[in-house]
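Chemist: final_39.tsv (TSV, C-alpha atoms) pasted underneath:
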chain	number	residue	atom	x	y	z
A	1	MET	CA	0.00	0.00	0.00
A	2	ALA	CA	1.40	3.38	-0.95
A	3	THR	CA	2.06	5.69	1.95
A	4	LYS	CA	-0.41	8.55	2.17
A	5	PRO	CA	1.23	11.94	1.75
A	6	GLU	CA	1.94	14.33	4.56
A	7	SER	CA	-1.10	16.48	3.80
A	8	TYR	CA	-3.41	13.49	4.40
A	9	GLU	CA	-1.76	12.74	7.73
A	10	ASN	CA	-1.94	16.41	8.68
A	11	ILE	CA	-5.68	16.50	8.16
A	12	VAL	CA	-6.31	13.26	10.05
A	13	GLN	CA	-4.11	14.21	13.01
A	14	THR	CA	-5.76	17.62	13.29
A	15	ALA	CA	-9.22	16.06	13.07
A	16	LEU	CA	-8.32	13.46	15.71
A	17	ARG	CA	-7.13	16.15	18.09
A	18	LEU	CA	-10.18	18.38	17.57
A	19	PHE	CA	-12.82	15.64	17.55
A	20	PHE	CA	-11.55	14.07	20.75
A	21	HIS	CA	-11.07	17.41	22.40
A	22	GLN	CA	-14.27	19.24	21.46
A	23	GLY	CA	-16.55	16.50	20.21
A	24	TYR	CA	-18.04	15.88	16.79
A	25	HIS	CA	-20.63	18.63	16.51
A	26	ALA	CA	-18.45	21.35	17.94
A	27	THR	CA	-15.74	20.67	15.35
A	28	GLY	CA	-16.27	22.22	11.94
A	29	LEU	CA	-14.44	21.41	8.72
A	30	ASN	CA	-13.26	25.01	8.54
A	31	GLN	CA	-11.45	24.67	11.84
A	32	ILE	CA	-9.83	21.42	10.69
A	33	LEU	CA	-8.70	23.14	7.49
A	34	ALA	CA	-7.40	26.20	9.33
A	35	GLU	CA	-5.51	24.31	12.03
A	36	SER	CA	-4.05	21.74	9.65
A	37	GLY	CA	-3.12	24.46	7.15
A	38	SER	CA	-4.65	22.37	4.36
A	39	PRO	CA	-6.45	23.69	1.31
A	40	LYS	CA	-10.15	22.76	1.07
A	41	GLY	CA	-9.46	20.86	-2.12
A	42	SER	CA	-7.18	18.35	-0.47
A	43	LEU	CA	-9.65	17.60	2.32
A	44	TYR	CA	-12.39	16.80	-0.20
A	45	TYR	CA	-9.91	14.91	-2.37
A	46	TYR	CA	-9.12	12.50	0.50
A	47	PHE	CA	-12.57	12.59	2.11
A	48	PRO	CA	-15.20	13.17	-0.58
A	49	ARG	CA	-17.99	12.63	1.95
A	50	GLY	CA	-16.54	15.32	4.20
A	51	LYS	CA	-16.75	15.39	7.96
A	52	GLU	CA	-18.49	12.04	8.40
A	53	GLU	CA	-15.89	10.17	6.35
A	54	LEU	CA	-13.10	11.91	8.21
A	55	ALA	CA	-14.73	10.97	11.52
A	56	LEU	CA	-14.89	7.33	10.41
A	57	GLU	CA	-11.14	7.33	9.79
A	58	CYS	CA	-10.60	8.90	13.21
A	59	ILE	CA	-12.71	6.22	14.92
A	60	ARG	CA	-10.78	3.53	13.03
A	61	ARG	CA	-7.44	4.99	14.13
A	62	ARG	CA	-8.47	5.43	17.73
A	63	ASN	CA	-9.87	1.90	17.81
A	64	GLU	CA	-6.62	0.44	16.40
A	65	PHE	CA	-4.62	2.35	18.98
A	66	ILE	CA	-6.76	1.18	21.92
A	67	LYS	CA	-6.95	-2.40	20.61
A	68	GLN	CA	-3.18	-2.56	20.39
A	69	LYS	CA	-2.75	-1.30	23.94
A	70	LEU	CA	-5.44	-3.61	25.27
A	71	LYS	CA	-3.98	-6.63	23.45
A	72	GLU	CA	-0.47	-5.94	24.79
A	73	THR	CA	-1.61	-5.33	28.35
A	74	LEU	CA	-3.79	-8.45	28.43
A	75	ALA	CA	-0.89	-10.55	27.13
A	76	GLU	CA	1.65	-9.16	29.58
A	77	ASN	CA	0.22	-10.64	32.74
A	78	ASP	CA	-0.42	-14.31	33.57
A	79	ASP	CA	-3.33	-13.39	35.77
A	80	PRO	CA	-6.31	-12.01	33.79
A	81	VAL	CA	-7.55	-10.08	36.83
A	82	ARG	CA	-4.25	-8.24	37.15
A	83	ALA	CA	-4.03	-7.76	33.39
A	84	ILE	CA	-7.48	-6.14	33.23
A	85	GLN	CA	-6.75	-4.03	36.30
A	86	GLU	CA	-3.52	-2.90	34.67
A	87	PHE	CA	-5.30	-1.75	31.50
A	88	ILE	CA	-7.91	0.22	33.46
A	89	ARG	CA	-5.21	1.69	35.70
A	90	ASN	CA	-3.25	2.78	32.62
A	91	THR	CA	-6.36	4.56	31.36
A	92	ALA	CA	-6.68	6.45	34.64
A	93	GLU	CA	-2.98	7.39	34.56
A	94	GLU	CA	-3.30	8.62	30.98
A	95	ALA	CA	-6.31	10.77	31.93
A	96	ASP	CA	-4.32	12.35	34.76
A	97	ARG	CA	-1.25	12.77	32.60
A	98	VAL	CA	-3.12	14.92	30.08
A	99	SER	CA	-5.36	16.50	32.77
A	100	PHE	CA	-8.39	15.24	30.82
A	101	ASN	CA	-7.44	17.42	27.86
A	102	GLY	CA	-8.52	15.80	24.62
A	103	PHE	CA	-9.41	12.78	26.70
A	104	MET	CA	-12.71	11.75	25.18
A	105	PRO	CA	-13.63	8.06	25.20
A	106	ILE	CA	-14.39	6.70	21.78
A	107	GLY	CA	-17.88	5.59	22.75
A	108	PHE	CA	-18.65	9.05	23.81
A	109	TRP	CA	-18.89	11.35	20.93
A	110	THR	CA	-19.79	8.61	18.52
A	111	ALA	CA	-22.48	7.09	20.70
A	112	ALA	CA	-23.74	10.19	22.37
A	113	GLU	CA	-23.39	12.72	19.66
A	114	THR	CA	-23.75	10.87	16.44
A	115	SER	CA	-25.73	7.67	16.91
A	116	CYS	CA	-28.97	9.49	16.27
A	117	ILE	CA	-27.69	11.32	13.24
A	118	SER	CA	-25.47	8.89	11.36
A	119	GLU	CA	-25.90	5.15	10.94
A	120	SER	CA	-22.39	4.72	9.58
A	121	LEU	CA	-20.82	6.38	12.62
A	122	ARG	CA	-23.04	4.29	14.87
A	123	HIS	CA	-21.88	1.12	13.13
A	124	ALA	CA	-18.23	2.14	13.43
A	125	CYS	CA	-18.83	2.54	17.15
A	126	VAL	CA	-20.60	-0.83	17.45
A	127	ASN	CA	-17.62	-2.47	15.71
A	128	THR	CA	-15.21	-0.77	18.08
A	129	PHE	CA	-16.99	-2.08	21.17
A	130	THR	CA	-17.23	-5.54	19.58
A	131	ASP	CA	-13.48	-5.58	18.92
A	132	TRP	CA	-12.74	-4.77	22.55
A	133	GLN	CA	-15.28	-7.31	23.72
A	134	HIS	CA	-13.53	-10.03	21.71
A	135	LEU	CA	-10.14	-9.16	23.19
A	136	TYR	CA	-11.45	-9.41	26.76
A	137	MET	CA	-13.34	-12.60	25.89
A	138	GLU	CA	-10.30	-14.27	24.35
A	139	ARG	CA	-8.22	-13.46	27.41
A	140	LEU	CA	-10.85	-14.77	29.82
A	141	GLN	CA	-11.51	-17.91	27.78
A	142	ALA	CA	-7.77	-18.59	27.62
A	143	ALA	CA	-7.82	-18.47	31.43
A	144	GLY	CA	-10.64	-21.01	31.59
A	145	TRP	CA	-13.88	-19.04	31.53
A	146	MET	CA	-16.75	-20.46	29.48
A	147	GLU	CA	-17.76	-18.47	26.41
A	148	GLU	CA	-21.06	-17.11	27.74
A	149	LYS	CA	-19.59	-16.02	31.05
A	150	ALA	CA	-16.59	-14.49	29.30
A	151	ARG	CA	-18.94	-12.52	27.05
A	152	SER	CA	-21.04	-11.12	29.87
A	153	LEU	CA	-17.93	-10.20	31.86
A	154	ALA	CA	-16.44	-8.48	28.82
A	155	VAL	CA	-19.60	-6.42	28.30
A	156	LEU	CA	-19.62	-5.54	32.01
A	157	ILE	CA	-15.98	-4.44	32.01
A	158	ILE	CA	-16.54	-2.19	29.00
A	159	SER	CA	-19.72	-0.79	30.59
A	160	MET	CA	-17.95	-0.06	33.88
A	161	LEU	CA	-14.98	1.59	32.22
A	162	GLU	CA	-16.97	3.71	29.77
A	163	GLY	CA	-19.32	4.82	32.56
A	164	ALA	CA	-16.43	5.58	34.90
A	165	LEU	CA	-14.92	7.67	32.11
A	166	ILE	CA	-18.11	9.73	31.94
A	167	LEU	CA	-17.97	10.36	35.68
A	168	ALA	CA	-14.23	11.04	35.53
A	169	ILE	CA	-14.49	13.58	32.72
A	170	THR	CA	-17.44	15.27	34.37
A	171	GLN	CA	-15.75	15.47	37.76
A	172	GLN	CA	-12.29	16.02	36.24
A	173	SER	CA	-10.99	13.31	38.55
A	174	SER	CA	-9.67	9.83	37.85
A	175	ALA	CA	-11.14	8.47	41.12
A	176	PRO	CA	-14.14	6.74	39.44
A	177	ILE	CA	-11.73	4.87	37.12
A	178	TYR	CA	-9.62	3.63	40.03
A	179	ASN	CA	-12.87	2.61	41.73
A	180	VAL	CA	-13.49	0.17	38.84
A	181	VAL	CA	-9.98	-1.26	39.29
A	182	ASP	CA	-10.86	-2.08	42.92
A	183	TYR	CA	-13.90	-4.15	41.96
A	184	ILE	CA	-12.32	-6.27	39.21
A	185	PRO	CA	-11.14	-9.07	41.56
A	186	GLN	CA	-14.63	-9.44	43.04
A	187	LEU	CA	-16.18	-9.73	39.57
A	188	ILE	CA	-13.66	-11.98	37.89
A	189	LYS	CA	-13.08	-14.97	40.11
B	1	MET	CA	-44.16	30.42	43.91
B	2	ALA	CA	-46.18	31.69	40.99
B	3	THR	CA	-46.82	29.16	38.26
B	4	LYS	CA	-44.88	29.82	35.10
B	5	PRO	CA	-47.09	30.53	32.10
B	6	GLU	CA	-47.77	28.08	29.33
B	7	SER	CA	-45.25	29.66	26.97
B	8	TYR	CA	-42.44	28.99	29.46
B	9	GLU	CA	-43.45	25.35	29.81
B	10	ASN	CA	-43.74	25.04	26.03
B	11	ILE	CA	-40.17	26.18	25.51
B	12	VAL	CA	-38.78	23.93	28.24
B	13	GLN	CA	-40.67	20.84	27.06
B	14	THR	CA	-39.58	21.38	23.46
B	15	ALA	CA	-35.97	21.91	24.54
B	16	LEU	CA	-36.06	18.77	26.72
B	17	ARG	CA	-37.33	16.69	23.81
B	18	LEU	CA	-34.80	18.07	21.32
B	19	PHE	CA	-31.77	18.08	23.63
B	20	PHE	CA	-32.33	14.49	24.74
B	21	HIS	CA	-33.10	13.35	21.23
B	22	GLN	CA	-30.41	15.08	19.22
B	23	GLY	CA	-27.90	16.22	21.79
B	24	TYR	CA	-26.83	19.69	22.84
B	25	HIS	CA	-24.78	20.84	19.88
B	26	ALA	CA	-27.15	19.55	17.25
B	27	THR	CA	-30.03	21.51	18.76
B	28	GLY	CA	-30.22	25.18	17.84
B	29	LEU	CA	-32.33	27.87	19.45
B	30	ASN	CA	-34.08	28.44	16.14
B	31	GLN	CA	-35.36	24.87	16.11
B	32	ILE	CA	-36.57	25.19	19.71
B	33	LEU	CA	-38.37	28.41	18.77
B	34	ALA	CA	-39.89	26.91	15.63
B	35	GLU	CA	-41.07	23.67	17.23
B	36	SER	CA	-42.42	25.32	20.37
B	37	GLY	CA	-44.09	28.05	18.32
B	38	SER	CA	-42.65	30.67	20.65
B	39	PRO	CA	-41.50	34.14	19.68
B	40	LYS	CA	-37.79	34.82	20.13
B	41	GLY	CA	-38.60	37.52	22.68
B	42	SER	CA	-40.21	35.12	25.13
B	43	LEU	CA	-37.29	32.70	25.01
B	44	TYR	CA	-34.83	35.46	25.87
B	45	TYR	CA	-37.24	36.86	28.44
B	46	TYR	CA	-37.24	33.56	30.35
B	47	PHE	CA	-33.67	32.57	29.50
B	48	PRO	CA	-31.54	35.71	29.07
B	49	ARG	CA	-28.39	33.61	28.76
B	50	GLY	CA	-29.94	31.62	25.91
B	51	LYS	CA	-29.22	28.01	25.12
B	52	GLU	CA	-26.92	27.31	28.07
B	53	GLU	CA	-29.43	28.59	30.62
B	54	LEU	CA	-32.18	26.59	28.96
B	55	ALA	CA	-29.97	23.49	29.04
B	56	LEU	CA	-29.37	24.01	32.78
B	57	GLU	CA	-33.12	24.02	33.39
B	58	CYS	CA	-33.45	20.83	31.30
B	59	ILE	CA	-30.71	19.09	33.32
B	60	ARG	CA	-32.43	20.19	36.54
B	61	ARG	CA	-35.77	18.80	35.37
B	62	ARG	CA	-34.32	15.53	34.16
B	63	ASN	CA	-32.38	15.14	37.39
B	64	GLU	CA	-35.50	15.75	39.51
B	65	PHE	CA	-37.42	13.19	37.45
B	66	ILE	CA	-34.74	10.51	37.76
B	67	LYS	CA	-34.13	11.23	41.46
B	68	GLN	CA	-37.83	10.82	42.19
B	69	LYS	CA	-37.97	7.48	40.37
B	70	LEU	CA	-34.77	6.25	42.01
B	71	LYS	CA	-35.96	7.30	45.47
B	72	GLU	CA	-39.32	5.54	45.04
B	73	THR	CA	-37.81	2.35	43.62
B	74	LEU	CA	-35.17	2.14	46.35
B	75	ALA	CA	-37.85	2.59	49.03
B	76	GLU	CA	-40.23	0.00	47.58
B	77	ASN	CA	-38.13	-3.07	48.25
B	78	ASP	CA	-36.81	-4.35	51.58
B	79	ASP	CA	-33.82	-5.89	49.87
B	80	PRO	CA	-31.39	-3.25	48.50
B	81	VAL	CA	-30.07	-5.69	45.88
B	82	ARG	CA	-33.56	-6.24	44.47
B	83	ALA	CA	-34.37	-2.55	44.73
B	84	ILE	CA	-31.30	-1.55	42.72
B	85	GLN	CA	-31.92	-4.33	40.20
B	86	GLU	CA	-35.49	-3.09	39.82
B	87	PHE	CA	-34.36	0.47	39.06
B	88	ILE	CA	-31.88	-0.68	36.42
B	89	ARG	CA	-34.44	-3.08	34.94
B	90	ASN	CA	-36.95	-0.21	34.71
B	91	THR	CA	-34.37	1.81	32.80
B	92	ALA	CA	-33.93	-1.03	30.30
B	93	GLU	CA	-37.70	-1.39	29.91
B	94	GLU	CA	-38.08	2.33	29.33
B	95	ALA	CA	-35.36	2.24	26.65
B	96	ASP	CA	-37.18	-0.58	24.87
B	97	ARG	CA	-40.56	1.09	25.27
B	98	VAL	CA	-39.42	4.19	23.39
B	99	SER	CA	-37.12	2.19	21.05
B	100	PHE	CA	-34.21	4.38	22.21
B	101	ASN	CA	-35.89	7.45	20.76
B	102	GLY	CA	-35.02	10.52	22.76
B	103	PHE	CA	-33.37	8.16	25.22
B	104	MET	CA	-30.19	9.98	26.06
B	105	PRO	CA	-28.68	9.54	29.50
B	106	ILE	CA	-28.21	12.75	31.36
B	107	GLY	CA	-24.48	12.24	31.75
B	108	PHE	CA	-24.13	11.87	28.09
B	109	TRP	CA	-24.69	15.10	26.32
B	110	THR	CA	-23.69	17.14	29.35
B	111	ALA	CA	-20.51	15.23	30.07
B	112	ALA	CA	-19.53	14.30	26.58
B	113	GLU	CA	-20.68	17.26	24.66
B	114	THR	CA	-20.47	20.15	27.00
B	115	SER	CA	-17.95	19.51	29.75
B	116	CYS	CA	-15.18	20.93	27.67
B	117	ILE	CA	-17.14	23.99	26.62
B	118	SER	CA	-19.16	25.06	29.64
B	119	GLU	CA	-18.20	24.95	33.30
B	120	SER	CA	-21.75	25.63	34.44
B	121	LEU	CA	-23.13	22.67	32.47
B	122	ARG	CA	-20.32	20.51	33.80
B	123	HIS	CA	-21.17	21.52	37.37
B	124	ALA	CA	-24.85	20.78	36.81
B	125	CYS	CA	-23.84	17.33	35.68
B	126	VAL	CA	-21.51	16.78	38.65
B	127	ASN	CA	-24.40	17.74	40.98
B	128	THR	CA	-26.69	15.30	39.22
B	129	PHE	CA	-24.33	12.38	39.68
B	130	THR	CA	-23.73	13.42	43.31
B	131	ASP	CA	-27.47	13.45	43.98
B	132	TRP	CA	-27.84	9.90	42.63
B	133	GLN	CA	-24.78	8.78	44.55
B	134	HIS	CA	-26.32	10.01	47.80
B	135	LEU	CA	-29.57	8.16	47.15
B	136	TYR	CA	-27.75	4.86	46.56
B	137	MET	CA	-25.51	5.49	49.57
B	138	GLU	CA	-28.43	6.24	51.89
B	139	ARG	CA	-30.17	3.05	50.82
B	140	LEU	CA	-27.04	0.93	51.29
B	141	GLN	CA	-26.17	2.51	54.63
B	142	ALA	CA	-29.74	1.94	55.83
B	143	ALA	CA	-29.18	-1.74	55.01
B	144	GLY	CA	-26.00	-1.84	57.07
B	145	TRP	CA	-23.16	-0.94	54.73
B	146	MET	CA	-20.41	1.30	56.08
B	147	GLU	CA	-20.17	4.78	54.59
B	148	GLU	CA	-16.97	4.26	52.57
B	149	LYS	CA	-18.13	0.94	51.09
B	150	ALA	CA	-21.57	2.41	50.32
B	151	ARG	CA	-19.89	5.30	48.51
B	152	SER	CA	-17.68	3.13	46.33
B	153	LEU	CA	-20.60	0.82	45.49
B	154	ALA	CA	-22.75	3.82	44.59
B	155	VAL	CA	-20.06	5.18	42.24
B	156	LEU	CA	-19.67	1.73	40.70
B	157	ILE	CA	-23.41	1.29	40.13
B	158	ILE	CA	-23.65	4.69	38.42
B	159	SER	CA	-20.55	3.88	36.32
B	160	MET	CA	-21.96	0.51	35.23
B	161	LEU	CA	-25.34	1.90	34.35
B	162	GLU	CA	-24.07	4.96	32.47
B	163	GLY	CA	-21.59	2.81	30.54
B	164	ALA	CA	-24.21	0.19	29.76
B	165	LEU	CA	-26.43	2.99	28.44
B	166	ILE	CA	-23.66	4.01	26.03
B	167	LEU	CA	-23.39	0.45	24.74
B	168	ALA	CA	-27.18	0.09	24.63
B	169	ILE	CA	-27.72	3.28	22.64
B	170	THR	CA	-24.90	2.44	20.27
B	171	GLN	CA	-26.12	-1.12	19.69
B	172	GLN	CA	-29.80	-0.12	19.92
B	173	SER	CA	-30.30	-3.00	22.31
B	174	SER	CA	-31.12	-3.11	26.00
B	175	ALA	CA	-29.02	-6.27	26.54
B	176	PRO	CA	-26.03	-4.42	28.12
B	177	ILE	CA	-28.39	-2.85	30.69
B	178	TYR	CA	-29.85	-6.25	31.66
B	179	ASN	CA	-26.27	-7.52	31.89
B	180	VAL	CA	-25.66	-5.01	34.70
B	181	VAL	CA	-28.80	-6.25	36.50
B	182	ASP	CA	-27.31	-9.78	36.52
B	183	TYR	CA	-24.14	-8.66	38.30
B	184	ILE	CA	-25.71	-6.58	41.09
B	185	PRO	CA	-26.09	-9.54	43.54
B	186	GLN	CA	-22.41	-10.45	43.14
B	187	LEU	CA	-21.35	-6.88	43.88
B	188	ILE	CA	-23.67	-6.04	46.74
B	189	LYS	CA	-23.43	-8.78	49.27
Output the structure of this file as structure tokens.
Modeler:
Amino acid sequence: MATKPESYENIVQTALRLFFHQGYHATGLNQILAESGSPKGSLYYYFPRGKEELALECIRRRNEFIKQKLKETLAENDDPVRAIQEFIRNTAEEADRVSFNGFMPIGFWTAAETSCISESLRHACVNTFTDWQHLYMERLQAAGWMEEKARSLAVLIISMLEGALILAITQQSSAPIYNVVDYIPQLIK
Amino acid sequence: MATKPESYENIVQTALRLFFHQGYHATGLNQILAESGSPKGSLYYYFPRGKEELALECIRRRNEFIKQKLKETLAENDDPVRAIQEFIRNTAEEADRVSFNGFMPIGFWTAAETSCISESLRHACVNTFTDWQHLYMERLQAAGWMEEKARSLAVLIISMLEGALILAITQQSSAPIYNVVDYIPQLIK
């Protein structure tokens, strides 16, 4: 696959930063153009369907990034409980590190802001959650959990973490995320 | 307190419906005016600070509504586990009843969409979560839990439910909410 030119990467990186900082609706194409220093023509050349198509690429990138981190963290520890705690703890540390700046969970702006307005963004978000679910499930099944139980635990872990992220962003405190870490051993045993 | 006139109620009800259906950013004052059939003057008479002030009133109303339901449900059952399960189950049933139309959790559009742009909306959202937390805590403490444990359980329950709502809205399925119901007995014991 040919490498995309710098101008493409510029647009995507700017969009990623703005979308995950301000949300989908609050970010206009004009701001993306201005802050990336790209001409309008090149944005529409790479993303003929405009903002929605650009958002899809941003969801895909963010999902790949999180999947990679989740996969690595789950593989690093022999104990699935500790592995899952480690991933959630890393999320809390990352939130504190950036002081919640540009720290918007993927489910957030896609689910909250766009599910009612765009089916393709909603589907991208469904796929993202499904990918994560499979990673947790695989790890739990490898440690001996039955498929059905692994699935329900995976859905619960994602629910707890996404919800804790809402509380954390609202309160500007990572405490609700660490609270989830504390309950993992009681749930996965 | 004097009763607010019909035009006030009209504006608030229209704003509630649009905000919780489309989100904060996607809803403009012009649409609220058009759909409520109100003149611009009356909106600014009641809400001099415009959309943000109107949103604060909508958060307050939604919070009062949810608090009332939570309070009643928690009081109805002698067993706190069953009471909490009942409240979460009611939420899932309500989501199905309206087919997820206009079903946007309060934390959602306030936290996700507005926390980065408005401190007063963020505070309204923090207060909302704190109110719910206190209701869960009171119920758990009345059943014998110590304050610190009751607090962490309350934060966890709110996290699980808010996160499950994100998954549910994204997948247009109430299954993630019922999944939380299943885990309540394991957590609160």
Chemist: Neighbours of region 173-178 of chain B within 6 Å (all atoms listed in the file; same-chain residues fewer than 4 positions away dropped), as a VMD selection string?
Modeler: chain B and resid 92 164 168
Chemist: Write out as a list in words each polymer residue whose atoms come within 12 Å of Phe65 (chain A), counting only C-alpha atoms; drop sequence neighbours fewer than 6 positions from it.
Modeler: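 Counting only the stated atoms, we get Cys58, Ile59, Lys71, Glu72, Ile106, Thr128, Asp131 and Trp132 of chain A.
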Chemist: Suppose we keep C-alpha atoms; can you now write the selection as a PDB file, keeping the file's coordinate frame?
Modeler:
ATOM      1  CA  CYS A  58     -10.600   8.900  13.210  1.00  0.00           C
ATOM      2  CA  ILE A  59     -12.710   6.220  14.920  1.00  0.00           C
ATOM      3  CA  LYS A  71      -3.980  -6.630  23.450  1.00  0.00           C
ATOM      4  CA  GLU A  72      -0.470  -5.940  24.790  1.00  0.00           C
ATOM      5  CA  ILE A 106     -14.390   6.700  21.780  1.00  0.00           C
ATOM      6  CA  THR A 128     -15.210  -0.770  18.080  1.00  0.00           C
ATOM      7  CA  ASP A 131     -13.480  -5.580  18.920  1.00  0.00           C
ATOM      8  CA  TRP A 132     -12.740  -4.770  22.550  1.00  0.00           C
TER       9      TRP A 132
END
Chemist: Could you please determine the separation between CA of Ala95 (chain A) and CA of Leu135 (chain B) in Å, to one decimal place?
Modeler: 27.9 Å
Chemist: Point out the residue among B:Ala15, B:Ala34, B:Ile158, B:Leu121 with the least atom-to-atom distance to Ile88 (chain B), counting only C-alpha atoms.
Modeler: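 Counting only C-alpha atoms, the residue closest to Ile88 (chain B) is B:Ile158.
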Chemist: Please identify all polymer residues within 12 Å of Thr130 (chain A), counting all atoms listed in the file, omitting same-chain residues fewer than 6 positions from it, and present them as an mmCIF file with C-alpha atoms, in the frame of the given file.
Modeler:
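Output file around_10.cif follows:
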data_model
loop_
_atom_site.group_PDB
_atom_site.id
_atom_site.type_symbol
_atom_site.label_atom_id
_atom_site.label_comp_id
_atom_site.auth_asym_id
_atom_site.auth_seq_id
_atom_site.Cartn_x
_atom_site.Cartn_y
_atom_site.Cartn_z
ATOM 1 C CA ASN A 63 -9.870 1.900 17.810
ATOM 2 C CA LYS A 67 -6.950 -2.400 20.610
ATOM 3 C CA GLY A 107 -17.880 5.590 22.750
ATOM 4 C CA HIS A 123 -21.880 1.120 13.130
ATOM 5 C CA ALA A 124 -18.230 2.140 13.430
ATOM 6 C CA TYR A 136 -11.450 -9.410 26.760
ATOM 7 C CA MET A 137 -13.340 -12.600 25.890
ATOM 8 C CA ARG A 151 -18.940 -12.520 27.050
ATOM 9 C CA ALA A 154 -16.440 -8.480 28.820
ATOM 10 C CA VAL A 155 -19.600 -6.420 28.300
ATOM 11 C CA ILE A 158 -16.540 -2.190 29.000
ATOM 12 C CA LEU B 167 -23.390 0.450 24.740
ATOM 13 C CA THR B 170 -24.900 2.440 20.270
ATOM 14 C CA GLN B 171 -26.120 -1.120 19.690
#
Chemist: Could you check the closest approach to chain B for each of A:Ile166, A:Leu33, A:Leu16, A:Ile66 and tell me which residue wins, using only C-alpha atoms?
Modeler: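 Looking at the shortest contact to chain B, the residue is A:Ile166.
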Chemist: Which distance in Å separates CA of Leu56 (chain B) and CA of Ser120 (chain B), to one decimal?
Modeler: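 Separation between CA of Leu56 (chain B) and CA of Ser120 (chain B): 8.0 Å.
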Chemist: Would you list the contacts of Val12 (chain A) as a PyMOL selection string, taking every protein, DNA or RNA residue within 9 Å and counting only C-alpha atoms, but skipping same-chain residues closer than 4 positions in sequence?
Modeler: chain A and resi 7-8+16-17+32+36+54-55+57-58
Chemist: State, in Å with one decimal place, the distance from CA of Gln141 (chain A) to CA of Glu162 (chain B).
Modeler: 26.5 Å
Chemist: Between B:Ala143, B:Ile169, B:Ile11, B:Ala150, which one has atoms that come closest to chain A, using only C-alpha atoms?
Modeler: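 So, comparing all the options, the nearest one is B:Ile169.
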Chemist: Within 9 Å of Arg82 (chain A), counting all atoms listed in the file, which residues qualify if same-chain residues fewer than 5 places away don't, as an MDAnalysis selection string?
Modeler: chainID A and resid 74 77 87 184:185
Chemist: For region 7-21 of chain B, take all atoms listed in the file, fit an axis-aligned box around them, add 6 Å to each of the six sides, then output centre and edge lengths in Å rounded to one decimal, as JSON.
Modeler:
{"center_x": -38.5, "center_y": 21.5, "center_z": 25.5, "size_x": 25.5, "size_y": 28.3, "size_z": 20.6}
Chemist: Rank nothing, just name the residue among B:Leu29, B:Leu140, B:Ala75, B:Val126 nearest to chain A, using all atoms listed in the file.
Modeler: B:Val126
